[in-house]
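Scroll down for the structure; my scribbles are underneath it.
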Amino acid sequence: MLEQEDADRVKRVLMEEFELEEDVLRPQASLYTDMGLDSLDSVDLVVALEREFKFKVVRAVDEERIRAIRTLEDLYGFIETKRREAQANPGA
Amino acid sequence: MKTCLFYLFHAFYVPYLLALTLLYFFLFFPAIVAGYCLIGRDHLDDAMRRMAQFYGRYLLRLSWPWIRLRTVGFERFPSGGPCVVVCNHRCYLDIFFSALIPQTNLLVAVRSWPLRIPFMGWFMRRAGYLDVETLSMDTLLSHSEAMIKRGVSYLFFPEGHRSRDGRLQRFRSGAFRIAAQNNLPVVPFCIEGTEKVAPYGRLLPRPAEVRIEILDPIRPDTFPEEKRALLLRRHVENVFRAHLGEELVSGVLENETEP
């Protein structure tokens with residue numbers, strides 16, 4: 001599970017990028033129904049997370065994982081996975 | 001009698017548009033594309049984009065008195081080089097009104113679904129329109145460098161889809177990332193009145209007055225380099241909001257700077 005400090009960074013990215021209020025950013029909150037994001041926002045979200053966490057999202061590899069993200073908790077899980085992969089393959 | 005004539009007059013508009021479209025595509029379209037490719041030595045996609053824009057202008061100019069156009073601030077449009085035009089979106093016909101932008105090689109950013117419309121989708125793909133729903137930001141940005149070298153400008157509807165209630169929606173970042181990376185001026189192109197031509201949920205257009213104003217271009221390099229695209233996006237959104245008399249957006253950016 002993502003550490004609290006990193007979870008706060010994710011929330012900050014969402015607040016900056018999508019002008020969301022902090023009280024909507026609960027772990028179980030849906031990115032679509034509660035936060036009002038849509039498929040166009042996923043492009044902006046990926047760019048913002050790549051910059052914040054210094055990993056690379058490869059569309060061909062991560063497409064299915066991105067599609068499976070529904071809640072903020074799912075997003076934390078995705079970031080944790082990407083970070084583990086980045087640590088395992090630092091040159092990738 | 002007067003009401004009857006009024007409805008008859010307006011009922012004539014859609015068949016008239018269809019006739020103009022058929023005339024354009026069978027008569028002018030091949031001549032214009034061939035002319036640009038053979039004489040002007042354009043790439044095919046450049047010629048298709050110019051042709052699409054002439055089609056929009058042709059329909060609008062011949063739509064009087066159904067559509068009464070009022071244009072303001074066109075002298076503000078930057079001359080000499082590519083730019084990123086951003087347009088508010090209240091009606092599915094806004095794309096036709098964007099044909100009045102005084103730049104004839106405009107690459108339009110669209111969602112995936114218009115590219116799947118028969119004929120129109122084929123045309124858009126031929127014109128190289130960008131599917132911003134599917135392409136990654138890296139692809140968009142690297143593609144933009146090559147296109148800008150060819151003198152191509154961009155048109156974005158940064159709200160992503162048309163407004164249901166006429167109020168401006170949150171802007172997306174694509175247009176501003178391209179502008180920030182290439183230091184291109186962002187030109188706000190503000191359309192008012194198209195929501196009366198075809199309100200949300202209505203297919204057939206009806207007569208109305210449409211006002212188009214080009215607002216002052218904004219240069220990305222007036223914003224700090226860090227988070228330039230984000231600051232630029234927020235600023236441009238607020239320029240539209242101020243112009244349309246809507247509430248401004250605020251944010252949580254640290255050291256937020258307005259030019």
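We label chains A, B, ... in the order they appear in the structure tokens, count residues from 1 in each chain, and number ligands from 1 in the order shown.
Near chain B, within 8 Å and counting only C-alpha atoms, the residues of chain A are Met15, Glu16, Glu17, Phe18, Glu19, Ser39, Leu40, Asp41, Val43, Asp44, Val47 and Arg59 of chain A.
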Inset, instruction - Select from chain A everything DSSP, run on the backbone, classes as alpha helix (DSSP H), then give the selection as JSON, numbers by chain. - result: {"A": [4, 5, 6, 7, 8, 9, 10, 11, 12, 13, 14, 15, 16, 17, 18, 39, 40, 41, 42, 43, 44, 45, 46, 47, 48, 49, 50, 51, 52, 53, 59, 60, 61, 62, 63, 64, 65, 66, 67, 68, 72, 73, 74, 75, 76, 77, 78, 79, 80, 81, 82, 83, 84, 85, 86, 87, 88]}
Inset, instruction - Apply DSSP to the structure's backbone, then extract all residues of range 19-254 of chain B labelled strand (DSSP E) and return them as a PyMOL selection string. - result: chain B and resi 67-72+84-87+106-110+130-131+153-156+186-192+208-214
Legend entry - Pairwise distance for CA of Arg241 in chain B and CA of Ile191 in chain B, rounded to one decimal in Å: 12.4 Å
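Of the residues under consideration (A:Val58, A:Leu37, A:Ala29, A:Leu45), A:Leu45 shows the shortest atom-to-atom contact distance to Val10 in chain A when counting only C-alpha atoms.
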Legend entry - Straight-line distance linking CA of Ala60 in chain A with CA of Asp131 in chain B, stated in Å to one decimal: 16.7 Å
Legend entry - Top pick for closest residue to Arg67 in chain A, considering A:Phe55, A:Gln87, A:Thr33, A:Asp38 and counting only C-alpha atoms: A:Asp38
Legend entry - Contact residues around range 213-228 of chain B with only C-alpha atoms at 6 Å, ignoring same-chain residues under 3 positions, as a ChimeraX atom specification: /B:71-74,180,183,185-190,231-232,259
